[in-house]
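Source file: entry.cif (mmCIF, C-alpha atoms (C1' of nucleotides))
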```
data_run
#
loop_
_atom_site.label_atom_id
_atom_site.label_comp_id
_atom_site.auth_asym_id
_atom_site.auth_seq_id
_atom_site.Cartn_x
_atom_site.Cartn_y
_atom_site.Cartn_z
CA MET A 1 -102.96 -80.00 -177.82
CA THR A 2 -99.51 -79.44 -179.20
CA HIS A 3 -96.43 -79.14 -177.10
CA ARG A 4 -96.51 -75.45 -177.90
CA ASP A 5 -100.01 -75.20 -176.43
CA ASP A 6 -98.84 -76.95 -173.30
CA SER A 7 -96.05 -74.48 -172.79
CA VAL A 8 -98.34 -71.51 -173.34
CA GLU A 9 -100.86 -72.99 -170.92
CA THR A 10 -98.19 -73.40 -168.27
CA ILE A 11 -96.86 -69.90 -168.76
CA GLN A 12 -100.36 -68.54 -168.42
CA GLN A 13 -101.08 -70.49 -165.27
CA GLU A 14 -97.80 -69.69 -163.62
CA MET A 15 -97.89 -66.00 -164.44
CA THR A 16 -101.41 -65.87 -163.06
CA ALA A 17 -100.44 -67.71 -159.91
CA PHE A 18 -97.53 -65.38 -159.45
CA ALA A 19 -99.66 -62.28 -159.92
CA ARG A 20 -102.23 -63.46 -157.43
CA ARG A 21 -99.60 -63.87 -154.74
CA ALA A 22 -97.20 -61.02 -155.36
CA ARG A 23 -99.07 -58.28 -153.56
CA ALA A 24 -99.78 -60.31 -150.46
CA THR A 25 -96.20 -61.54 -150.27
CA ALA A 26 -94.88 -58.01 -150.64
CA ALA A 27 -97.23 -56.74 -147.96
CA ARG A 28 -96.20 -59.49 -145.54
CA MET A 29 -92.51 -58.84 -146.08
CA HIS A 30 -92.65 -55.05 -146.07
CA PRO A 31 -95.58 -53.66 -144.17
CA GLU A 32 -93.97 -50.24 -144.25
CA LEU A 33 -94.12 -49.95 -148.05
CA SER A 34 -96.70 -51.66 -150.24
CA LEU A 35 -95.82 -53.01 -153.66
CA VAL A 36 -97.32 -49.94 -155.29
CA SER A 37 -95.70 -47.36 -153.03
CA TYR A 38 -92.44 -49.18 -153.37
CA THR A 39 -92.65 -49.11 -157.13
CA LEU A 40 -93.53 -45.42 -157.26
CA LEU A 41 -90.89 -44.41 -154.77
CA ALA A 42 -88.28 -46.48 -156.60
CA HIS A 43 -89.20 -44.74 -159.83
CA LEU A 44 -88.79 -41.31 -158.23
CA ASP A 45 -85.44 -42.35 -156.90
CA ASP A 46 -84.37 -43.77 -160.20
CA GLN A 47 -85.50 -40.79 -162.24
CA GLN A 48 -84.17 -38.25 -159.78
CA GLY A 49 -87.70 -36.93 -159.38
CA CYS A 50 -90.63 -36.71 -161.75
CA ARG A 51 -94.22 -35.55 -162.04
CA ALA A 52 -97.32 -37.40 -160.85
CA THR A 53 -98.54 -37.48 -164.44
CA ASP A 54 -95.38 -39.27 -165.52
CA LEU A 55 -95.88 -41.92 -162.87
CA ALA A 56 -99.48 -42.43 -163.97
CA ALA A 57 -98.47 -42.80 -167.61
CA HIS A 58 -95.60 -45.11 -166.84
CA TYR A 59 -97.59 -47.48 -164.65
CA TYR A 60 -100.97 -47.27 -166.36
CA LEU A 61 -102.55 -45.84 -163.24
CA ASP A 62 -105.22 -43.19 -163.00
CA LYS A 63 -103.91 -39.82 -161.95
CA SER A 64 -106.23 -39.87 -158.94
CA THR A 65 -104.65 -43.13 -157.80
CA VAL A 66 -101.19 -41.65 -158.09
CA SER A 67 -102.32 -38.51 -156.34
CA ARG A 68 -103.50 -40.50 -153.32
CA GLN A 69 -100.47 -42.76 -153.28
CA ILE A 70 -98.20 -39.74 -153.31
CA ALA A 71 -100.25 -38.05 -150.63
CA ALA A 72 -99.77 -41.13 -148.46
CA LEU A 73 -96.03 -41.23 -149.12
CA GLU A 74 -95.80 -37.54 -148.31
CA LYS A 75 -97.68 -38.04 -145.05
CA LEU A 76 -95.14 -40.73 -144.14
CA GLY A 77 -92.39 -38.23 -144.89
CA PHE A 78 -90.97 -40.33 -147.74
CA VAL A 79 -91.69 -37.93 -150.59
CA GLU A 80 -91.56 -34.19 -151.00
CA ARG A 81 -93.09 -31.95 -153.64
CA ARG A 82 -91.26 -29.11 -155.31
CA ILE A 83 -93.38 -26.75 -157.33
CA ASP A 84 -91.84 -26.21 -160.74
CA PRO A 85 -90.95 -22.50 -160.88
CA ASP A 86 -91.58 -22.42 -164.65
CA ASP A 87 -95.05 -23.98 -164.51
CA HIS A 88 -96.98 -23.65 -161.32
CA ARG A 89 -99.29 -26.51 -162.20
CA VAL A 90 -96.43 -28.94 -161.95
CA GLN A 91 -95.06 -30.56 -158.82
CA VAL A 92 -91.79 -32.35 -159.17
CA LEU A 93 -91.72 -35.24 -156.71
CA HIS A 94 -88.58 -36.36 -154.92
CA PRO A 95 -87.84 -38.95 -152.26
CA THR A 96 -86.82 -37.37 -148.97
CA ALA A 97 -83.67 -38.54 -147.23
CA GLU A 98 -85.84 -40.74 -145.04
CA GLY A 99 -87.75 -42.04 -148.05
CA ALA A 100 -84.52 -42.91 -149.81
CA GLN A 101 -83.35 -44.73 -146.70
CA VAL A 102 -86.52 -46.80 -146.34
CA LEU A 103 -86.46 -47.52 -150.05
CA ALA A 104 -82.88 -48.72 -149.78
CA ASN A 105 -83.79 -51.05 -146.91
CA VAL A 106 -86.77 -52.54 -148.68
CA THR A 107 -84.81 -52.89 -151.89
CA ALA A 108 -82.03 -54.70 -150.08
CA SER A 109 -84.44 -57.04 -148.37
CA ARG A 110 -86.37 -57.74 -151.57
CA ARG A 111 -83.13 -58.38 -153.38
CA LYS A 112 -82.11 -60.80 -150.67
CA ALA A 113 -85.40 -62.69 -150.96
CA PHE A 114 -85.03 -62.94 -154.71
CA HIS A 115 -81.46 -64.14 -154.38
CA GLU A 116 -82.59 -66.82 -151.96
CA ARG A 117 -85.32 -67.99 -154.26
CA LEU A 118 -82.88 -68.13 -157.15
CA ALA A 119 -79.85 -69.32 -155.24
CA ASP A 120 -79.54 -72.73 -156.84
CA TRP A 121 -80.06 -71.55 -160.41
CA ARG A 122 -77.24 -71.66 -162.88
CA GLU A 123 -76.19 -68.26 -164.11
CA GLU A 124 -77.06 -69.25 -167.64
CA ASP A 125 -80.64 -70.03 -166.62
CA LEU A 126 -81.02 -66.80 -164.67
CA ASP A 127 -79.85 -64.94 -167.68
CA ARG A 128 -82.33 -66.60 -169.97
CA PHE A 129 -85.20 -66.28 -167.50
CA ALA A 130 -84.51 -62.55 -167.18
CA SER A 131 -84.52 -62.04 -170.92
CA TYR A 132 -87.72 -64.07 -171.36
CA LEU A 133 -89.48 -61.91 -168.81
CA VAL A 134 -88.35 -58.74 -170.49
CA ARG A 135 -89.51 -60.06 -173.81
CA TYR A 136 -92.83 -61.19 -172.42
CA ASN A 137 -93.57 -57.90 -170.70
CA ALA A 138 -92.62 -55.92 -173.78
CA ALA A 139 -95.07 -58.00 -175.81
CA GLN A 140 -97.80 -57.48 -173.27
CA GLU A 141 -97.18 -53.74 -173.34
CA ARG A 142 -97.33 -53.74 -177.12
CA LEU A 143 -100.50 -55.80 -177.39
CA GLY A 144 -102.38 -54.56 -174.31
CA MET B 1 -72.57 -55.96 -159.31
CA THR B 2 -72.01 -59.30 -160.93
CA HIS B 3 -73.79 -60.52 -164.00
CA ARG B 4 -75.75 -62.80 -161.70
CA ASP B 5 -76.92 -59.77 -159.71
CA ASP B 6 -77.98 -58.08 -162.90
CA SER B 7 -80.12 -61.02 -163.90
CA VAL B 8 -81.73 -61.26 -160.49
CA GLU B 9 -82.41 -57.54 -160.53
CA THR B 10 -84.09 -57.80 -163.91
CA ILE B 11 -86.19 -60.78 -162.88
CA GLN B 12 -87.31 -58.90 -159.81
CA GLN B 13 -88.26 -55.80 -161.74
CA GLU B 14 -90.05 -57.63 -164.48
CA MET B 15 -91.97 -59.91 -162.16
CA THR B 16 -93.02 -56.87 -160.16
CA ALA B 17 -94.09 -54.99 -163.26
CA PHE B 18 -96.07 -57.96 -164.38
CA ALA B 19 -97.80 -58.38 -161.03
CA ARG B 20 -98.80 -54.75 -160.93
CA ARG B 21 -100.51 -54.97 -164.29
CA ALA B 22 -102.02 -58.44 -164.30
CA ARG B 23 -105.21 -57.71 -162.43
CA ALA B 24 -106.09 -54.61 -164.39
CA THR B 25 -105.37 -56.32 -167.68
CA ALA B 26 -107.49 -59.29 -166.72
CA ALA B 27 -110.34 -57.04 -165.63
CA ARG B 28 -110.24 -55.11 -168.89
CA MET B 29 -110.27 -58.24 -171.00
CA HIS B 30 -112.88 -60.17 -169.02
CA PRO B 31 -115.23 -57.95 -167.09
CA GLU B 32 -117.52 -60.93 -166.52
CA LEU B 33 -114.95 -62.86 -164.48
CA SER B 34 -112.19 -61.26 -162.43
CA LEU B 35 -108.75 -62.82 -162.17
CA VAL B 36 -109.64 -64.28 -158.79
CA SER B 37 -113.06 -65.66 -159.73
CA TYR B 38 -111.56 -67.07 -162.87
CA THR B 39 -108.86 -68.83 -160.95
CA LEU B 40 -111.26 -70.27 -158.41
CA LEU B 41 -113.77 -71.39 -161.00
CA ALA B 42 -111.00 -72.97 -163.06
CA HIS B 43 -109.82 -74.87 -160.01
CA LEU B 44 -113.32 -76.20 -159.36
CA ASP B 45 -113.58 -77.28 -162.94
CA ASP B 46 -110.18 -78.88 -162.86
CA GLN B 47 -110.74 -80.70 -159.60
CA GLN B 48 -114.28 -81.76 -160.46
CA GLY B 49 -115.48 -79.89 -157.39
CA CYS B 50 -113.88 -79.14 -154.06
CA ARG B 51 -114.51 -77.41 -150.75
CA ALA B 52 -114.11 -73.70 -150.00
CA THR B 53 -111.45 -74.57 -147.46
CA ASP B 54 -109.42 -76.34 -150.12
CA LEU B 55 -109.55 -73.27 -152.33
CA ALA B 56 -108.42 -71.08 -149.46
CA ALA B 57 -105.50 -73.36 -148.66
CA HIS B 58 -104.45 -73.74 -152.25
CA TYR B 59 -104.46 -70.02 -153.02
CA TYR B 60 -103.38 -68.66 -149.65
CA LEU B 61 -106.61 -66.78 -149.26
CA ASP B 62 -108.62 -66.24 -146.11
CA LYS B 63 -111.69 -68.43 -145.89
CA SER B 64 -113.85 -65.32 -145.64
CA THR B 65 -112.45 -64.10 -148.94
CA VAL B 66 -113.24 -67.40 -150.60
CA SER B 67 -116.67 -67.44 -149.01
CA ARG B 68 -117.53 -64.10 -150.56
CA GLN B 69 -116.02 -64.92 -153.92
CA ILE B 70 -118.02 -68.11 -154.05
CA ALA B 71 -121.16 -66.29 -152.96
CA ALA B 72 -120.65 -63.91 -155.88
CA LEU B 73 -120.09 -66.75 -158.32
CA GLU B 74 -123.19 -68.48 -157.02
CA LYS B 75 -125.23 -65.32 -157.44
CA LEU B 76 -124.06 -65.18 -161.04
CA GLY B 77 -125.20 -68.77 -161.42
CA PHE B 78 -121.69 -70.03 -162.19
CA VAL B 79 -121.24 -72.22 -159.12
CA GLU B 80 -123.50 -74.51 -157.14
CA ARG B 81 -123.07 -75.96 -153.68
CA ARG B 82 -123.81 -79.55 -152.80
CA ILE B 83 -123.95 -80.36 -149.13
CA ASP B 84 -121.80 -83.36 -148.39
CA PRO B 85 -124.20 -86.04 -147.10
CA ASP B 86 -121.49 -87.46 -144.84
CA ASP B 87 -120.59 -84.18 -143.22
CA HIS B 88 -123.18 -81.46 -143.13
CA ARG B 89 -120.63 -78.76 -142.47
CA VAL B 90 -119.11 -79.35 -145.87
CA GLN B 91 -120.28 -77.87 -149.16
CA VAL B 92 -118.77 -79.35 -152.24
CA LEU B 93 -118.59 -76.66 -154.90
CA HIS B 94 -119.12 -77.33 -158.57
CA PRO B 95 -119.29 -75.15 -161.66
CA THR B 96 -122.79 -75.07 -163.13
CA ALA B 97 -123.24 -75.75 -166.83
CA GLU B 98 -123.36 -72.00 -167.38
CA GLY B 99 -120.29 -71.49 -165.23
CA ALA B 100 -118.40 -74.10 -167.19
CA GLN B 101 -119.44 -72.40 -170.40
CA VAL B 102 -118.30 -68.94 -169.30
CA LEU B 103 -115.10 -70.44 -167.97
CA ALA B 104 -114.47 -72.11 -171.30
CA ASN B 105 -115.01 -68.82 -173.13
CA VAL B 106 -112.71 -66.85 -170.87
CA THR B 107 -110.11 -69.59 -170.97
CA ALA B 108 -110.21 -69.61 -174.75
CA SER B 109 -109.90 -65.86 -174.96
CA ARG B 110 -107.08 -65.76 -172.41
CA ARG B 111 -105.33 -68.52 -174.25
CA LYS B 112 -105.69 -66.58 -177.46
CA ALA B 113 -104.20 -63.47 -175.87
CA PHE B 114 -101.29 -65.45 -174.51
CA HIS B 115 -100.73 -67.10 -177.86
CA GLU B 116 -100.64 -63.71 -179.53
CA ARG B 117 -98.15 -62.40 -177.04
CA LEU B 118 -95.99 -65.46 -177.54
CA ALA B 119 -96.59 -65.94 -181.26
CA ASP B 120 -93.09 -65.19 -182.45
CA TRP B 121 -91.31 -67.26 -179.81
CA ARG B 122 -89.49 -70.40 -180.77
CA GLU B 123 -90.96 -73.50 -179.24
CA GLU B 124 -87.72 -74.18 -177.45
CA ASP B 125 -87.87 -70.80 -175.72
CA LEU B 126 -91.50 -71.24 -174.72
CA ASP B 127 -90.62 -74.53 -173.19
CA ARG B 128 -87.77 -73.11 -171.21
CA PHE B 129 -89.76 -70.07 -170.12
CA ALA B 130 -92.55 -72.31 -168.86
CA SER B 131 -90.19 -74.45 -166.85
CA TYR B 132 -88.42 -71.43 -165.37
CA LEU B 133 -91.74 -70.05 -164.17
CA VAL B 134 -92.71 -73.34 -162.60
CA ARG B 135 -89.36 -73.53 -160.90
CA TYR B 136 -89.56 -69.96 -159.68
CA ASN B 137 -93.06 -70.31 -158.27
CA ALA B 138 -92.18 -73.54 -156.54
CA ALA B 139 -89.24 -71.81 -154.87
CA GLN B 140 -91.42 -68.92 -153.78
CA GLU B 141 -93.92 -71.35 -152.31
CA ARG B 142 -91.18 -73.16 -150.45
CA LEU B 143 -89.53 -70.04 -149.06
CA GLY B 144 -92.61 -67.87 -148.43
"C1'" DA C 1 -109.00 -11.73 -173.51
"C1'" DC C 2 -111.28 -15.87 -174.10
"C1'" DG C 3 -111.42 -20.46 -174.57
"C1'" DC C 4 -109.04 -24.65 -174.35
"C1'" DC C 5 -105.79 -27.77 -172.47
"C1'" DA C 6 -102.79 -29.74 -168.72
"C1'" DC C 7 -101.97 -30.89 -163.83
"C1'" DG C 8 -103.54 -32.21 -159.87
"C1'" DT C 9 -107.29 -33.02 -156.00
"C1'" DT C 10 -111.54 -34.61 -154.20
"C1'" DG C 11 -116.05 -37.12 -154.10
"C1'" DT C 12 -117.84 -41.47 -154.83
"C1'" DA C 13 -118.03 -46.30 -155.66
"C1'" DC C 14 -116.36 -50.86 -156.14
"C1'" DT C 15 -113.25 -55.02 -155.54
"C1'" DA C 16 -110.20 -57.75 -153.08
"C1'" DT C 17 -108.61 -58.71 -149.00
"C1'" DA C 18 -107.79 -59.82 -143.82
"C1'" DC C 19 -109.07 -60.55 -139.06
"C1'" DA C 20 -112.26 -61.49 -135.51
"C1'" DA C 21 -116.53 -63.09 -133.81
"C1'" DC C 22 -120.02 -66.12 -134.61
"C1'" DT C 23 -123.11 -70.47 -135.88
"C1'" DA C 24 -123.49 -75.04 -136.78
"C1'" DG C 25 -121.90 -79.65 -137.40
"C1'" DT C 26 -118.32 -83.51 -135.94
"C1'" DT C 27 -115.28 -86.15 -133.18
"C1'" DC C 28 -113.11 -87.77 -129.28
"C1'" DA C 29 -112.13 -88.63 -124.38
"C1'" DC C 30 -113.84 -90.04 -120.59
"C1'" DG D 1 -123.58 -90.35 -124.13
"C1'" DT D 2 -122.15 -85.86 -122.99
"C1'" DG D 3 -119.21 -81.95 -123.02
"C1'" DA D 4 -114.83 -80.00 -124.92
"C1'" DA D 5 -112.34 -79.19 -128.73
"C1'" DC D 6 -112.16 -78.90 -133.34
"C1'" DT D 7 -113.65 -77.79 -138.36
"C1'" DA D 8 -116.47 -75.47 -142.15
"C1'" DG D 9 -118.40 -71.69 -143.44
"C1'" DT D 10 -120.66 -66.80 -142.82
"C1'" DT D 11 -120.90 -62.16 -141.41
"C1'" DG D 12 -119.27 -57.66 -139.42
"C1'" DT D 13 -115.82 -54.47 -139.88
"C1'" DA D 14 -111.81 -52.30 -141.68
"C1'" DT D 15 -108.28 -51.30 -145.09
"C1'" DA D 16 -105.87 -50.82 -149.64
"C1'" DG D 17 -105.99 -50.02 -154.32
"C1'" DT D 18 -108.24 -48.66 -157.99
"C1'" DA D 19 -111.30 -46.03 -161.56
"C1'" DC D 20 -114.28 -42.42 -163.18
"C1'" DA D 21 -116.27 -37.98 -162.99
"C1'" DA D 22 -116.39 -33.29 -161.46
"C1'" DC D 23 -113.77 -29.64 -160.22
"C1'" DG D 24 -110.12 -25.73 -159.41
"C1'" DT D 25 -106.27 -23.56 -161.03
"C1'" DG D 26 -102.61 -22.33 -164.00
"C1'" DG D 27 -100.66 -21.75 -168.77
"C1'" DC D 28 -101.01 -21.04 -173.82
"C1'" DG D 29 -102.73 -19.98 -178.55
"C1'" DT D 30 -105.30 -17.25 -181.45
#
```
Go ahead and express the file in the form of structure tokens.
Amino acid sequence: MTHRDDSVETIQQEMTAFARRARATAARMHPELSLVSYTLLAHLDDQQGCRATDLAAHYYLDKSTVSRQIAALEKLGFVERRIDPDDHRVQVLHPTAEGAQVLANVTASRRKAFHERLADWREEDLDRFASYLVRYNAAQERLG
Amino acid sequence: MTHRDDSVETIQQEMTAFARRARATAARMHPELSLVSYTLLAHLDDQQGCRATDLAAHYYLDKSTVSRQIAALEKLGFVERRIDPDDHRVQVLHPTAEGAQVLANVTASRRKAFHERLADWREEDLDRFASYLVRYNAAQERLG
DNA sequence: ACGCCACGTTGTACTATACAACTAGTTCAC
DNA sequence: GTGAACTAGTTGTATAGTACAACGTGGCGT
């Protein structure tokens, strides 16, 4: 095995280990908003509202999955639907004031946890790590 | 927001994006062995056998979860149990020949996919990326 | 106007997971 | 040596997240 193989092996193992744990960790830290709901709600907030179909496309989720996730978020009062007046099939989804508030709290607390984990990293390393992740994810998206 | 904040934000987003997709991607590529079964089987192979309890501890899974995963792997003929003669509560788990074979195939194919994704990276970058991931995961383990 | 497409919901099924209650073996204190 | 406390693993039950297929409804092109 070359050194290159070793590195690839490690990346594979560590990414896998991370993936296995992420959901559970997120659930433990934020019982009020799962990793998925958080991601969807954050996207709505970021995009200033969008359609369920857009969420599904963006996150490679089935539309039925998104539909149920949104239904749950609506039931919690975190999301509201606005029927598009120009096309009555379309619902534009927006965070409610309460949803935005909860999102802000969870975001702050997640950010804090990440900062703790990365506290003793040099800025230069953080920078490189961030760009490697972006590059890696882009490649995964491109190659399936 | 400082540059440091930016980097942390990016790392957070990209790690989250990755986590969301990993399971589905793994399932699509290897329907015969889910991400979890793969991980457990690989650990057995690596450790030359171990107990269910060890798997649970190592992967932060409930023992019931491991019990069912192992039951499934046994049903597929990929794992066998050997009762510890010194302690009849204990089952030492081992991959079967067939299990080892399937594991080898999946490992090879996963490795290939990772190599493709990382094909155009310089060795130096791979090396750094690998060590960043190890460092990150260790920190997460330490801090919950 | 008819047929097709787009958006979303609902029925169904499956996987991964946790927690609690349980069985069965082991060890230790006395 | 016997009973209490512990450990390993299984099973019952519940929940979340997900996909696929069938469906209803609304809009659009010819």
The PyMOL selection byres ((chain B) within 9 of (chain A)) - which residues does that actually catch in the file I just gave you? List them as a ChimeraX atom specification. /B:3-12,14-23,25,35-36,39,59-60,110-111,113-118,123-134,136-137,139-140,142-144
Would you mind listing what lies within 8 Å of region 23-25 of chain C as a short mmCIF file (atom, residue, chain, number, x, y, z; two decimals) with C-alpha atoms, in the frame of the given file, with all atoms listed in the file counted and same-chain residues fewer than 3 positions away left out?
```
data_model
loop_
_atom_site.label_atom_id
_atom_site.label_comp_id
_atom_site.auth_asym_id
_atom_site.auth_seq_id
_atom_site.Cartn_x
_atom_site.Cartn_y
_atom_site.Cartn_z
CA ASP B 87 -120.59 -84.18 -143.22
CA HIS B 88 -123.18 -81.46 -143.13
CA ARG B 89 -120.63 -78.76 -142.47
#
```
Take the PyMOL selection byres ((chain D) within 10 of (chain B)), apply it to the structure above, and return the hits as a compact mmCIF listing (two decimals) with C-alpha atoms (C1' of nucleotides), in the coordinates of the input.
```txt
# COMPACT_ATOMS: atom_id res chain seq x y z
C1' DT D 7 -113.65 -77.79 -138.36
C1' DA D 8 -116.47 -75.47 -142.15
C1' DG D 9 -118.40 -71.69 -143.44
C1' DT D 10 -120.66 -66.80 -142.82
C1' DT D 11 -120.90 -62.16 -141.41
C1' DT D 18 -108.24 -48.66 -157.99
```
Name the residues that the PyMOL selection byres ((chain C) within 8 of (chain A)) pulls out of this structure, and write them as a list in words.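 Evaluating the PyMOL selection byres ((chain C) within 8 of (chain A)) on this file yields DC7, DG8 and DT9 of chain C.
With only C-alpha atoms as the basis for measurement, A:Leu76 is the residue among A:Ala27, A:Leu76, A:Leu55, A:Ile83 that approaches Thr96 (chain A) most closely.
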If you count only C-alpha atoms (C1' of nucleotides), which residues fall within 12 Å of DC30 (chain C), apart from same-chain ones fewer than 5 positions away, as a list of chain:residue names?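 What passes the distance filter is D:DG1, D:DT2, D:DG3, D:DA4.
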By how many Å are CA of Gly77 (chain A) and CA of Asp62 (chain A) apart? 22.7 Å
Please, what distance in Å, to one decimal, runs between CA of Leu40 (chain B) and CA of Asp86 (chain B)? 24.2 Å
As a check of understanding: the span from CA of Glu74 (chain B) to CA of Ala97 (chain B) is 12.2 Å
I'd like the contact shell of Tyr38 (chain A) - 12 Å cut-off, only C-alpha atoms (C1' of nucleotides), skipping same-chain residues fewer than 5 positions apart - returned as JSON, numbers by chain. {"A": [23, 26, 27, 30, 31, 32, 33, 43, 44, 45, 46, 69, 70, 72, 73, 78, 79, 95, 99, 100, 102, 103, 104, 105, 106, 107, 110], "B": [13, 16, 17, 20]}
Report, as lines of an AutoDock Vina configuration file, the centre and edge lengths in Å (one decimal) of the axis-aligned box enclosing every listed atom of region 114-120 of chain A, padded by 4 Å on each side.
```
center_x = -82.4
center_y = -67.8
center_z = -154.6
size_x = 13.8
size_y = 17.8
size_z = 13.2
```
Can you take the partial region 72-96 of chain B, add N, CA and C atoms, and return it as a PDB file, in the coordinates of the input?
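Output contents, as saved in selection_2.pdb:
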```pdb
ATOM      1  N   ALA B  72    -120.463 -64.716-154.662  1.00  0.00           N
ATOM      2  CA  ALA B  72    -120.650 -63.910-155.880  1.00  0.00           C
ATOM      3  C   ALA B  72    -120.821 -64.810-157.097  1.00  0.00           C
ATOM      4  N   LEU B  73    -119.989 -65.827-157.182  1.00  0.00           N
ATOM      5  CA  LEU B  73    -120.090 -66.750-158.320  1.00  0.00           C
ATOM      6  C   LEU B  73    -121.427 -67.492-158.309  1.00  0.00           C
ATOM      7  N   GLU B  74    -121.904 -67.797-157.117  1.00  0.00           N
ATOM      8  CA  GLU B  74    -123.190 -68.480-157.020  1.00  0.00           C
ATOM      9  C   GLU B  74    -124.317 -67.547-157.485  1.00  0.00           C
ATOM     10  N   LYS B  75    -124.215 -66.303-157.055  1.00  0.00           N
ATOM     11  CA  LYS B  75    -125.230 -65.320-157.440  1.00  0.00           C
ATOM     12  C   LYS B  75    -125.280 -65.141-158.958  1.00  0.00           C
ATOM     13  N   LEU B  76    -124.119 -65.262-159.583  1.00  0.00           N
ATOM     14  CA  LEU B  76    -124.060 -65.180-161.040  1.00  0.00           C
ATOM     15  C   LEU B  76    -124.534 -66.470-161.701  1.00  0.00           C
ATOM     16  N   GLY B  77    -124.747 -67.489-160.873  1.00  0.00           N
ATOM     17  CA  GLY B  77    -125.200 -68.770-161.420  1.00  0.00           C
ATOM     18  C   GLY B  77    -124.074 -69.608-162.010  1.00  0.00           C
ATOM     19  N   PHE B  78    -122.833 -69.317-161.617  1.00  0.00           N
ATOM     20  CA  PHE B  78    -121.690 -70.030-162.190  1.00  0.00           C
ATOM     21  C   PHE B  78    -121.223 -71.192-161.313  1.00  0.00           C
ATOM     22  N   VAL B  79    -121.683 -71.195-160.060  1.00  0.00           N
ATOM     23  CA  VAL B  79    -121.240 -72.220-159.120  1.00  0.00           C
ATOM     24  C   VAL B  79    -122.443 -72.719-158.347  1.00  0.00           C
ATOM     25  N   GLU B  80    -122.457 -74.009-158.038  1.00  0.00           N
ATOM     26  CA  GLU B  80    -123.500 -74.510-157.140  1.00  0.00           C
ATOM     27  C   GLU B  80    -122.853 -75.258-155.993  1.00  0.00           C
ATOM     28  N   ARG B  81    -123.572 -75.293-154.886  1.00  0.00           N
ATOM     29  CA  ARG B  81    -123.070 -75.960-153.680  1.00  0.00           C
ATOM     30  C   ARG B  81    -123.857 -77.250-153.488  1.00  0.00           C
ATOM     31  N   ARG B  82    -123.125 -78.299-153.150  1.00  0.00           N
ATOM     32  CA  ARG B  82    -123.810 -79.550-152.800  1.00  0.00           C
ATOM     33  C   ARG B  82    -123.351 -79.948-151.410  1.00  0.00           C
ATOM     34  N   ILE B  83    -124.299 -79.991-150.508  1.00  0.00           N
ATOM     35  CA  ILE B  83    -123.950 -80.360-149.130  1.00  0.00           C
ATOM     36  C   ILE B  83    -123.478 -81.804-149.125  1.00  0.00           C
ATOM     37  N   ASP B  84    -122.339 -82.010-148.518  1.00  0.00           N
ATOM     38  CA  ASP B  84    -121.800 -83.360-148.390  1.00  0.00           C
ATOM     39  C   ASP B  84    -122.704 -84.173-147.456  1.00  0.00           C
ATOM     40  N   PRO B  85    -123.257 -85.275-147.942  1.00  0.00           N
ATOM     41  CA  PRO B  85    -124.200 -86.040-147.100  1.00  0.00           C
ATOM     42  C   PRO B  85    -123.515 -86.645-145.866  1.00  0.00           C
ATOM     43  N   ASP B  86    -122.202 -86.851-145.953  1.00  0.00           N
ATOM     44  CA  ASP B  86    -121.490 -87.460-144.840  1.00  0.00           C
ATOM     45  C   ASP B  86    -121.045 -86.456-143.780  1.00  0.00           C
ATOM     46  N   ASP B  87    -121.026 -85.204-144.164  1.00  0.00           N
ATOM     47  CA  ASP B  87    -120.590 -84.180-143.220  1.00  0.00           C
ATOM     48  C   ASP B  87    -121.315 -82.890-143.559  1.00  0.00           C
ATOM     49  N   HIS B  88    -122.297 -82.571-142.780  1.00  0.00           N
ATOM     50  CA  HIS B  88    -123.180 -81.460-143.130  1.00  0.00           C
ATOM     51  C   HIS B  88    -122.557 -80.082-142.963  1.00  0.00           C
ATOM     52  N   ARG B  89    -121.316 -80.059-142.478  1.00  0.00           N
ATOM     53  CA  ARG B  89    -120.630 -78.760-142.470  1.00  0.00           C
ATOM     54  C   ARG B  89    -120.097 -78.442-143.867  1.00  0.00           C
ATOM     55  N   VAL B  90    -119.860 -79.482-144.619  1.00  0.00           N
ATOM     56  CA  VAL B  90    -119.110 -79.350-145.870  1.00  0.00           C
ATOM     57  C   VAL B  90    -120.023 -79.078-147.065  1.00  0.00           C
ATOM     58  N   GLN B  91    -119.619 -78.098-147.878  1.00  0.00           N
ATOM     59  CA  GLN B  91    -120.280 -77.870-149.160  1.00  0.00           C
ATOM     60  C   GLN B  91    -119.276 -78.193-150.253  1.00  0.00           C
ATOM     61  N   VAL B  92    -119.643 -79.095-151.099  1.00  0.00           N
ATOM     62  CA  VAL B  92    -118.770 -79.350-152.240  1.00  0.00           C
ATOM     63  C   VAL B  92    -119.228 -78.439-153.377  1.00  0.00           C
ATOM     64  N   LEU B  93    -118.277 -77.687-153.890  1.00  0.00           N
ATOM     65  CA  LEU B  93    -118.590 -76.660-154.900  1.00  0.00           C
ATOM     66  C   LEU B  93    -118.334 -77.204-156.294  1.00  0.00           C
ATOM     67  N   HIS B  94    -119.267 -76.900-157.177  1.00  0.00           N
ATOM     68  CA  HIS B  94    -119.120 -77.330-158.570  1.00  0.00           C
ATOM     69  C   HIS B  94    -119.500 -76.183-159.493  1.00  0.00           C
ATOM     70  N   PRO B  95    -118.821 -76.091-160.634  1.00  0.00           N
ATOM     71  CA  PRO B  95    -119.290 -75.150-161.660  1.00  0.00           C
ATOM     72  C   PRO B  95    -120.645 -75.636-162.167  1.00  0.00           C
ATOM     73  N   THR B  96    -121.553 -74.720-162.436  1.00  0.00           N
ATOM     74  CA  THR B  96    -122.790 -75.070-163.130  1.00  0.00           C
ATOM     75  C   THR B  96    -122.471 -75.212-164.619  1.00  0.00           C
TER      76      THR B  96
END
```
